[in-house]
file model-v8.pdb (PDB, C-alpha atoms (C1' of nucleotides))
ATOM      1  CA  MET E  23       0.000   0.000   0.000
ATOM      2  CA  PRO E  24       2.368   2.659  -1.203
ATOM      3  CA  ASP E  25       0.131   5.662  -1.654
ATOM      4  CA  PRO E  26       0.380   8.205   1.134
ATOM      5  CA  LEU E  27      -3.284   9.079   1.365
ATOM      6  CA  SER E  28      -4.238   5.435   1.907
ATOM      7  CA  MET E  29      -1.589   5.182   4.615
ATOM      8  CA  THR E  30      -2.903   8.288   6.320
ATOM      9  CA  LEU E  31      -6.514   7.183   6.171
ATOM     10  CA  SER E  32      -5.911   3.679   7.418
ATOM     11  CA  ALA E  33      -3.738   4.998  10.232
ATOM     12  CA  LEU E  34      -6.594   7.308  11.218
ATOM     13  CA  ALA E  35      -9.226   4.575  10.945
ATOM     14  CA  ASP E  36      -8.604   3.418  14.498
ATOM     15  CA  PRO E  37     -10.054   5.160  17.547
ATOM     16  CA  THR E  38      -7.012   4.438  19.709
ATOM     17  CA  ARG E  39      -4.726   6.101  17.193
ATOM     18  CA  ARG E  40      -7.041   9.070  16.816
ATOM     19  CA  ALA E  41      -7.073   9.440  20.599
ATOM     20  CA  ILE E  42      -3.279   9.437  20.583
ATOM     21  CA  LEU E  43      -3.257  12.221  17.999
ATOM     22  CA  ALA E  44      -5.816  14.169  20.031
ATOM     23  CA  ARG E  45      -3.432  14.005  22.956
ATOM     24  CA  LEU E  46      -0.443  15.044  20.836
ATOM     25  CA  VAL E  47      -2.160  18.118  19.461
ATOM     26  CA  GLN E  48      -1.588  19.571  22.924
ATOM     27  CA  GLY E  49       2.145  18.928  22.711
ATOM     28  CA  GLU E  50       4.840  16.259  22.820
ATOM     29  CA  ALA E  51       4.398  13.196  24.983
ATOM     30  CA  THR E  52       6.366  10.074  25.815
ATOM     31  CA  VAL E  53       5.175   6.578  24.958
ATOM     32  CA  GLY E  54       4.266   5.952  28.574
ATOM     33  CA  GLU E  55       2.199   9.104  28.799
ATOM     34  CA  LEU E  56       0.405   8.167  25.624
ATOM     35  CA  ALA E  57      -0.248   4.631  26.840
ATOM     36  CA  ALA E  58      -1.603   5.621  30.253
ATOM     37  CA  PRO E  59      -5.235   6.350  29.283
ATOM     38  CA  PHE E  60      -5.685   2.990  27.575
ATOM     39  CA  SER E  61      -6.355  -0.447  28.923
ATOM     40  CA  ILE E  62      -4.394  -2.242  26.220
ATOM     41  CA  SER E  63      -0.816  -3.428  26.692
ATOM     42  CA  GLN E  64       2.202  -1.205  26.143
ATOM     43  CA  PRO E  65       3.486  -3.185  23.145
ATOM     44  CA  ALA E  66       0.133  -2.610  21.514
ATOM     45  CA  ILE E  67       0.651   1.134  21.933
ATOM     46  CA  SER E  68       4.148   0.812  20.477
ATOM     47  CA  LYS E  69       2.622  -0.819  17.434
ATOM     48  CA  HIS E  70       0.045   1.923  17.059
ATOM     49  CA  LEU E  71       2.813   4.497  17.262
ATOM     50  CA  LYS E  72       4.753   2.703  14.585
ATOM     51  CA  VAL E  73       1.719   2.816  12.313
ATOM     52  CA  LEU E  74       1.338   6.535  12.951
ATOM     53  CA  GLU E  75       5.021   7.096  12.328
ATOM     54  CA  ARG E  76       5.060   5.152   9.058
ATOM     55  CA  ALA E  77       2.128   7.277   7.937
ATOM     56  CA  GLY E  78       4.136  10.390   8.788
ATOM     57  CA  LEU E  79       1.540  11.523  11.300
ATOM     58  CA  ILE E  80       4.037  11.597  14.150
ATOM     59  CA  SER E  81       7.789  11.804  14.508
ATOM     60  CA  ARG E  82       9.924  10.645  17.380
ATOM     61  CA  GLY E  83      12.933  11.999  19.197
ATOM     62  CA  ARG E  84      15.276  10.556  21.782
ATOM     63  CA  GLU E  85      15.814  11.854  25.265
ATOM     64  CA  ALA E  86      17.609   9.388  27.494
ATOM     65  CA  GLN E  87      15.277   6.412  27.815
ATOM     66  CA  TRP E  88      12.274   8.325  26.505
ATOM     67  CA  ARG E  89      11.096   8.578  22.908
ATOM     68  CA  PRO E  90       9.039  11.748  22.824
ATOM     69  CA  CYS E  91       6.400  11.759  20.095
ATOM     70  CA  ARG E  92       5.110  14.787  18.330
ATOM     71  CA  LEU E  93       2.354  15.374  15.864
ATOM     72  CA  GLU E  94       3.271  16.178  12.265
ATOM     73  CA  ALA E  95       1.041  18.426  10.229
ATOM     74  CA  ALA E  96       1.661  17.422   6.630
ATOM     75  CA  PRO E  97      -0.484  14.287   6.254
ATOM     76  CA  LEU E  98      -3.445  15.959   7.927
ATOM     77  CA  GLN E  99      -3.096  18.911   5.615
ATOM     78  CA  ASP E 100      -2.921  16.618   2.618
ATOM     79  CA  LEU E 101      -6.068  14.884   3.767
ATOM     80  CA  ALA E 102      -7.802  18.242   4.172
ATOM     81  CA  GLY E 103      -6.680  19.103   0.662
ATOM     82  CA  TRP E 104      -8.155  15.891  -0.713
ATOM     83  CA  LEU E 105     -11.420  16.505   1.138
ATOM     84  CA  GLU E 106     -11.698  19.936  -0.432
ATOM     85  CA  ASN E 107     -12.507  18.214  -3.730
ATOM     86  CA  TYR E 108     -15.823  17.253  -2.165
ATOM     87  CA  ARG E 109     -16.731  20.510  -0.456
ATOM     88  CA  ARG E 110     -18.560  21.911  -3.452
ATOM     89  CA  PHE E 111     -20.561  18.711  -3.640
ATOM     90  CA  TRP E 112     -21.674  18.723  -0.035
ATOM     91  CA  GLU E 113     -22.481  22.404  -0.063
ATOM     92  CA  GLU E 114     -24.757  21.779  -3.036
ATOM     93  CA  SER E 115     -26.291  18.869  -1.133
ATOM     94  CA  PHE E 116     -26.930  21.169   1.758
ATOM     95  CA  ASP E 117     -28.521  23.766  -0.496
ATOM     96  CA  ARG E 118     -30.884  21.164  -1.889
ATOM     97  CA  LEU E 119     -31.847  19.972   1.566
ATOM     98  CA  ASP E 120     -32.297  23.535   2.713
ATOM     99  CA  ALA E 121     -34.571  24.368  -0.209
ATOM    100  CA  TYR E 122     -36.542  21.190   0.390
ATOM    101  CA  LEU E 123     -37.107  22.016   4.043
ATOM    102  CA  LYS E 124     -38.201  25.549   3.201
ATOM    103  CA  ASP E 125     -40.664  24.190   0.660
ATOM    104  CA  LEU E 126     -42.045  21.789   3.213
ATOM    105  CA  GLN E 127     -42.515  24.583   5.698
ATOM    106  CA  LYS E 128     -44.554  26.725   3.350
ATOM    107  CA  GLY E 129     -46.645  23.735   2.358
ATOM    108  CA  ASP E 130     -45.383  23.336  -1.193
ATOM    109  CA  PRO E 131     -47.062  20.171  -2.479
ATOM    110  CA  ASP E 132     -44.052  19.338  -4.680
ATOM    111  CA  ALA E 133     -41.774  18.991  -1.685
ATOM    112  CA  SER E 134     -43.226  15.697  -0.492
ATOM    113  CA  SER E 135     -43.558  13.989  -3.868
ATOM    114  CA  SER E 136     -40.107  14.358  -5.442
TER     115      SER E 136
ATOM    116  CA  MET Z  15     -16.207  -1.272  14.792
ATOM    117  CA  PRO Z  16     -19.283   0.692  15.619
ATOM    118  CA  ASP Z  17     -18.038   4.277  15.519
ATOM    119  CA  PRO Z  18     -18.973   6.159  12.362
ATOM    120  CA  LEU Z  19     -15.731   8.036  11.914
ATOM    121  CA  SER Z  20     -13.713   4.806  11.925
ATOM    122  CA  MET Z  21     -16.102   3.335   9.370
ATOM    123  CA  THR Z  22     -15.728   6.385   7.154
ATOM    124  CA  LEU Z  23     -11.954   6.441   7.380
ATOM    125  CA  SER Z  24     -11.445   2.762   6.738
ATOM    126  CA  ALA Z  25     -13.850   2.918   3.797
ATOM    127  CA  LEU Z  26     -11.794   5.773   2.385
ATOM    128  CA  ALA Z  27      -8.474   4.024   3.015
ATOM    129  CA  ASP Z  28      -8.609   2.194  -0.291
ATOM    130  CA  PRO Z  29      -7.688   3.779  -3.605
ATOM    131  CA  THR Z  30     -10.313   1.848  -5.560
ATOM    132  CA  ARG Z  31     -13.055   3.110  -3.273
ATOM    133  CA  ARG Z  32     -11.753   6.671  -3.427
ATOM    134  CA  ALA Z  33     -11.724   6.435  -7.221
ATOM    135  CA  ILE Z  34     -15.348   5.306  -7.111
ATOM    136  CA  LEU Z  35     -16.259   8.326  -5.021
ATOM    137  CA  ALA Z  36     -14.362  10.605  -7.375
ATOM    138  CA  ARG Z  37     -16.518   9.281 -10.194
ATOM    139  CA  LEU Z  38     -19.716   9.696  -8.188
ATOM    140  CA  VAL Z  39     -19.040  13.310  -7.333
ATOM    141  CA  GLN Z  40     -19.928  13.950 -10.990
ATOM    142  CA  GLY Z  41     -23.310  12.288 -10.614
ATOM    143  CA  GLU Z  42     -25.080   8.945 -10.227
ATOM    144  CA  ALA Z  43     -23.697   5.847 -11.889
ATOM    145  CA  THR Z  44     -24.628   2.178 -12.173
ATOM    146  CA  VAL Z  45     -22.466  -0.613 -10.811
ATOM    147  CA  GLY Z  46     -21.327  -1.505 -14.313
ATOM    148  CA  GLU Z  47     -20.294   2.039 -15.068
ATOM    149  CA  LEU Z  48     -18.373   2.213 -11.831
ATOM    150  CA  ALA Z  49     -16.654  -1.108 -12.486
ATOM    151  CA  ALA Z  50     -15.589  -0.306 -16.053
ATOM    152  CA  PRO Z  51     -12.353   1.607 -15.296
ATOM    153  CA  PHE Z  52     -10.963  -1.155 -13.066
ATOM    154  CA  SER Z  53      -9.266  -4.398 -13.885
ATOM    155  CA  ILE Z  54     -10.663  -6.264 -10.904
ATOM    156  CA  SER Z  55     -13.731  -8.490 -11.115
ATOM    157  CA  GLN Z  56     -17.200  -7.099 -10.874
ATOM    158  CA  PRO Z  57     -18.041  -8.927  -7.608
ATOM    159  CA  ALA Z  58     -15.022  -7.185  -6.107
ATOM    160  CA  ILE Z  59     -16.610  -3.863  -7.062
ATOM    161  CA  SER Z  60     -19.889  -4.973  -5.498
ATOM    162  CA  LYS Z  61     -18.017  -5.586  -2.265
ATOM    163  CA  HIS Z  62     -16.376  -2.176  -2.380
ATOM    164  CA  LEU Z  63     -19.782  -0.620  -2.935
ATOM    165  CA  LYS Z  64     -21.159  -2.471   0.043
ATOM    166  CA  VAL Z  65     -18.352  -1.099   2.204
ATOM    167  CA  LEU Z  66     -19.085   2.418   0.982
ATOM    168  CA  GLU Z  67     -22.783   1.934   1.579
ATOM    169  CA  ARG Z  68     -22.335   0.618   5.121
ATOM    170  CA  ALA Z  69     -20.190   3.675   5.831
ATOM    171  CA  GLY Z  70     -23.012   5.858   4.554
ATOM    172  CA  LEU Z  71     -20.814   7.305   1.823
ATOM    173  CA  ILE Z  72     -23.139   6.182  -0.941
ATOM    174  CA  SER Z  73     -26.778   5.177  -1.237
ATOM    175  CA  ARG Z  74     -28.394   2.991  -3.850
ATOM    176  CA  GLY Z  75     -31.611   3.081  -5.806
ATOM    177  CA  ARG Z  76     -33.336   0.624  -8.106
ATOM    178  CA  GLU Z  77     -34.181   1.135 -11.701
ATOM    179  CA  ALA Z  78     -35.090  -2.030 -13.539
ATOM    180  CA  GLN Z  79     -32.007  -4.226 -13.352
ATOM    181  CA  TRP Z  80     -29.689  -1.351 -12.459
ATOM    182  CA  ARG Z  81     -28.726  -0.186  -9.012
ATOM    183  CA  PRO Z  82     -27.712   3.432  -9.432
ATOM    184  CA  CYS Z  83     -25.291   4.668  -6.792
ATOM    185  CA  ARG Z  84     -25.012   8.193  -5.535
ATOM    186  CA  LEU Z  85     -22.620   9.945  -3.257
ATOM    187  CA  GLU Z  86     -23.820  11.004   0.184
ATOM    188  CA  ALA Z  87     -22.412  14.102   1.785
ATOM    189  CA  ALA Z  88     -22.814  13.552   5.514
ATOM    190  CA  PRO Z  89     -19.808  11.303   6.335
ATOM    191  CA  LEU Z  90     -17.448  13.499   4.338
ATOM    192  CA  GLN Z  91     -18.734  16.537   6.158
ATOM    193  CA  ASP Z  92     -18.291  14.810   9.496
ATOM    194  CA  LEU Z  93     -14.736  13.944   8.549
ATOM    195  CA  ALA Z  94     -14.074  17.554   7.585
ATOM    196  CA  GLY Z  95     -15.485  18.584  10.957
ATOM    197  CA  TRP Z  96     -13.149  16.221  12.766
ATOM    198  CA  LEU Z  97     -10.170  17.483  10.765
ATOM    199  CA  GLU Z  98     -10.974  21.039  11.766
ATOM    200  CA  ASN Z  99      -9.774  20.184  15.267
ATOM    201  CA  TYR Z 100      -6.282  20.039  13.791
ATOM    202  CA  ARG Z 101      -6.375  23.083  11.573
ATOM    203  CA  ARG Z 102      -5.142  25.426  14.274
ATOM    204  CA  PHE Z 103      -2.243  23.057  14.905
ATOM    205  CA  TRP Z 104      -1.092  22.852  11.302
ATOM    206  CA  GLU Z 105      -1.446  26.558  10.754
ATOM    207  CA  GLU Z 106       0.850  27.110  13.729
ATOM    208  CA  SER Z 107       3.232  24.537  12.269
ATOM    209  CA  PHE Z 108       3.210  26.431   9.032
ATOM    210  CA  ASP Z 109       3.866  29.729  10.811
ATOM    211  CA  ARG Z 110       6.879  28.210  12.536
ATOM    212  CA  LEU Z 111       8.233  26.836   9.293
ATOM    213  CA  ASP Z 112       7.590  30.128   7.586
ATOM    214  CA  ALA Z 113       9.421  32.087  10.283
ATOM    215  CA  TYR Z 114      12.282  29.624  10.138
ATOM    216  CA  LEU Z 115      12.649  29.983   6.391
ATOM    217  CA  LYS Z 116      12.550  33.757   6.650
ATOM    218  CA  ASP Z 117      15.247  33.658   9.319
ATOM    219  CA  LEU Z 118      17.384  31.437   7.150
ATOM    220  CA  GLN Z 119      17.006  33.773   4.244
ATOM    221  CA  LYS Z 120      18.187  36.807   6.157
ATOM    222  CA  GLY Z 121      21.052  34.799   7.594
ATOM    223  CA  ASP Z 122      19.880  34.633  11.197
ATOM    224  CA  PRO Z 123      22.397  32.369  12.963
ATOM    225  CA  ASP Z 124      19.695  31.019  15.326
ATOM    226  CA  ALA Z 125      17.788  29.523  12.460
ATOM    227  CA  SER Z 126      20.180  26.684  11.829
ATOM    228  CA  SER Z 127      20.806  25.705  15.442
ATOM    229  CA  SER Z 128      17.333  25.286  16.933
TER     230      SER Z 128
ATOM    231  C1'  DC P  29      28.417  -3.615  37.730
ATOM    232  C1'  DA P  30      23.496  -4.665  39.273
ATOM    233  C1'  DG P  31      19.046  -3.166  39.106
ATOM    234  C1'  DT P  32      15.294  -0.297  37.448
ATOM    235  C1'  DT P  33      12.709   2.277  34.030
ATOM    236  C1'  DA P  34      11.228   3.097  29.288
ATOM    237  C1'  DT P  35      10.483   1.256  25.117
ATOM    238  C1'  DA P  36      10.986  -2.076  21.204
ATOM    239  C1'  DT P  37      10.896  -6.580  19.027
ATOM    240  C1'  DA P  38       9.587 -11.516  18.435
ATOM    241  C1'  DA P  39       6.463 -15.080  18.149
ATOM    242  C1'  DC P  40       2.029 -16.262  18.178
ATOM    243  C1'  DT P  41      -3.379 -16.115  17.812
ATOM    244  C1'  DT P  42      -7.560 -14.487  16.001
ATOM    245  C1'  DA P  43     -10.212 -11.612  13.093
ATOM    246  C1'  DT P  44     -10.759  -8.932   9.048
ATOM    247  C1'  DT P  45      -9.962  -7.721   4.278
ATOM    248  C1'  DA P  46      -9.365  -7.930  -0.708
ATOM    249  C1'  DG P  47      -9.457 -10.666  -4.126
ATOM    250  C1'  DT P  48     -10.992 -14.921  -6.752
ATOM    251  C1'  DT P  49     -14.664 -18.199  -9.243
ATOM    252  C1'  DA P  50     -19.122 -20.130  -9.333
ATOM    253  C1'  DA P  51     -23.863 -19.910  -8.513
ATOM    254  C1'  DG P  52     -28.107 -17.227  -7.405
ATOM    255  C1'  DT P  53     -31.677 -13.417  -7.991
ATOM    256  C1'  DA P  54     -34.184  -9.939 -10.481
ATOM    257  C1'  DT P  55     -35.775  -7.503 -14.343
ATOM    258  C1'  DA P  56     -36.348  -6.823 -19.370
ATOM    259  C1'  DC P  57     -37.126  -8.722 -23.977
ATOM    260  C1'  DG P  58     -38.552 -11.708 -27.707
TER     261       DG P  58
ATOM    262  C1'  DC T  25     -41.678 -19.276 -20.986
ATOM    263  C1'  DG T  26     -36.765 -18.932 -22.079
ATOM    264  C1'  DT T  27     -32.790 -16.238 -22.333
ATOM    265  C1'  DA T  28     -29.824 -12.246 -21.817
ATOM    266  C1'  DT T  29     -28.303  -8.493 -18.744
ATOM    267  C1'  DA T  30     -27.125  -6.410 -14.283
ATOM    268  C1'  DC T  31     -25.948  -7.296 -10.090
ATOM    269  C1'  DT T  32     -25.475  -9.956  -5.518
ATOM    270  C1'  DT T  33     -24.198 -13.765  -2.584
ATOM    271  C1'  DA T  34     -21.492 -17.844  -1.254
ATOM    272  C1'  DA T  35     -17.405 -20.214  -0.513
ATOM    273  C1'  DC T  36     -12.804 -20.049  -0.547
ATOM    274  C1'  DT T  37      -7.675 -18.221  -0.259
ATOM    275  C1'  DA T  38      -3.968 -15.223   0.930
ATOM    276  C1'  DA T  39      -2.458 -11.207   3.146
ATOM    277  C1'  DT T  40      -2.828  -7.826   6.848
ATOM    278  C1'  DA T  41      -4.045  -6.117  11.365
ATOM    279  C1'  DA T  42      -4.718  -5.867  16.316
ATOM    280  C1'  DG T  43      -4.049  -7.874  20.249
ATOM    281  C1'  DT T  44      -1.461 -10.967  23.555
ATOM    282  C1'  DT T  45       2.927 -12.593  26.469
ATOM    283  C1'  DA T  46       7.680 -13.076  26.772
ATOM    284  C1'  DT T  47      12.121 -11.321  25.757
ATOM    285  C1'  DA T  48      15.504  -7.873  24.319
ATOM    286  C1'  DT T  49      17.723  -3.263  24.185
ATOM    287  C1'  DA T  50      19.042   1.124  25.974
ATOM    288  C1'  DA T  51      19.911   4.531  29.295
ATOM    289  C1'  DC T  52      19.820   6.145  34.075
ATOM    290  C1'  DT T  53      20.811   5.229  39.160
ATOM    291  C1'  DG T  54      23.043   3.609  43.185
TER     292       DG T  54
END
call {"tool": "encode", "arguments": {"input": "model-v8.pdb", "output": "structure tokens"}}
result
Amino acid sequence: MPDPLSMTLSALADPTRRAILARLVQGEATVGELAAPFSISQPAISKHLKVLERAGLISRGREAQWRPCRLEAAPLQDLAGWLENYRRFWEESFDRLDAYLKDLQKGDPDASSS
Amino acid sequence: MPDPLSMTLSALADPTRRAILARLVQGEATVGELAAPFSISQPAISKHLKVLERAGLISRGREAQWRPCRLEAAPLQDLAGWLENYRRFWEESFDRLDAYLKDLQKGDPDASSS
DNA sequence: CAGTTATATAACTTATTAGTTAAGTATACG
DNA sequence: CGTATACTTAACTAATAAGTTATATAACTG
């Protein structure tokens, strides 16, 4: 699976990993700090971090026996860029829904048949 | 995996499925039309469509023997909403990078040490 | 150097996923 | 009714993923 967007999305498709990112948006943290809130084993957290790192979502330093993790912006930005392709679509969808609801409210008989 | 955001992200974490969505943003299409550009079997496309449907990313109608698919906006909007939590972070990251590059350009000796 | 703390890796299990081919269902058409 | 078309479902395989426990590495501490 070489394409970066697929890597980003599958890394994000796990609630534990998203929770880790949510913690890191507030600043660097060690592996232990990141593991603390979860009930799963520490090796499991290490694996999650490796997935995030391979996706470029985090990077890791070295300070004595700690490996501080920090969030990296680029993949999230790229994802936001990809999503932008769909913004026009969903804004149109919203406009249609909005018009439909307004029609309903003023009793337009077309609104319930189409 | 009951949480909707995880369903959305893992549905999107496949290039074939993203290509299907990219086609659907231009309007409804039948299963056959969606399958045409790909070299994989048609049942494989049916499975991808089922994944997209269970994630709420598409919905399907019935017209004679065709099952027209259309893109649904809500999950993409929800994803965009989730991503917004990180926008402030990446804009700060960009500001830092920007300042760093400006410092480099004017020969600030701090810029290469920190 | 011995022990402790922080983290990573190995080996394994179980579940899920993406693909396949073959068979089934549903609608249209002569 | 029989057949062609569009699509789905079933049954299977191979690869990947998420978790486990046990072991290894690396750096600090006395």
call {"tool": "closest_atom_pairs", "arguments": {"input": "model-v8.pdb", "of": "chain T", "to": "chain Z", "cutoff": "9 Å", "atoms": "only C-alpha atoms (C1' of nucleotides)", "output": "JSON lines"}}
result
{"residue": "T:DT29", "atom": "C1'", "partner": "Z:Gln79", "partner_atom": "CA", "distance": 7.8}
{"residue": "T:DA30", "atom": "C1'", "partner": "Z:Gln79", "partner_atom": "CA", "distance": 5.4}
{"residue": "T:DC31", "atom": "C1'", "partner": "Z:Trp80", "partner_atom": "CA", "distance": 7.4}
{"residue": "T:DT32", "atom": "C1'", "partner": "Z:Ser60", "partner_atom": "CA", "distance": 7.5}
call {"tool": "residues_around", "arguments": {"input": "model-v8.pdb", "residues": "P:DA50", "least_positions_apart": "5", "cutoff": "12 Å", "atoms": "only C-alpha atoms (C1' of nucleotides)", "output": "MDAnalysis selection string"}}
result
(chainID Z and resid 57) or (chainID T and resid 33:36)
call {"tool": "atom_distance", "arguments": {"input": "model-v8.pdb", "atom1": "atom CA of E:Arg109", "atom2": "atom CA of E:Leu79"}}
result
23.5 Å
call {"tool": "resolve_selection", "arguments": {"input": "model-v8.pdb", "expression": "the PyMOL selection byres ((chain P) within 10 of (chain E))", "output": "MDAnalysis selection string"}}
result
chainID P and resid 33:37
call {"tool": "resolve_selection", "arguments": {"input": "model-v8.pdb", "expression": "the PyMOL selection byres ((chain T and resi 40) around 9)", "output": "list in words"}}
result
DT44 and DT45 of chain P; DA39 and DA41 of chain T
call {"tool": "resolve_selection", "arguments": {"input": "model-v8.pdb", "expression": "the PyMOL selection byres ((chain E) within 10 of (chain Z))", "output": "MDAnalysis selection string"}}
result
chainID E and resid 23 25:37 40 43:44 47:49 93:99 101:102 105:116
call {"tool": "atom_distance", "arguments": {"input": "model-v8.pdb", "atom1": "atom CA of Z:Tyr114", "atom2": "atom CA of E:Gly83"}}
result
19.8 Å
call {"tool": "residues_around", "arguments": {"input": "model-v8.pdb", "residues": "P:DG58", "least_positions_apart": "3", "cutoff": "12 Å", "atoms": "only C-alpha atoms (C1' of nucleotides)", "output": "number ranges by chain"}}
result
T: 25-28
call {"tool": "atom_distance", "arguments": {"input": "model-v8.pdb", "atom1": "atom CA of E:Ser63", "atom2": "atom C1' of T:DT44"}}
result
8.2 Å
call {"tool": "residues_around", "arguments": {"input": "model-v8.pdb", "residues": "T:DT53", "least_positions_apart": "2", "cutoff": "12 Å", "atoms": "all atoms listed in the file", "output": "list in words"}}
result
DC29, DA30, DG31, DT32 and DT33 of chain P; DA51 of chain T
call {"tool": "closest_residue", "arguments": {"input": "model-v8.pdb", "among": "Z:Ile34, Z:Asp112, Z:Ala69, Z:Gly121", "to": "Z:Pro16", "atoms": "all atoms listed in the file"}}
result
Z:Ala69
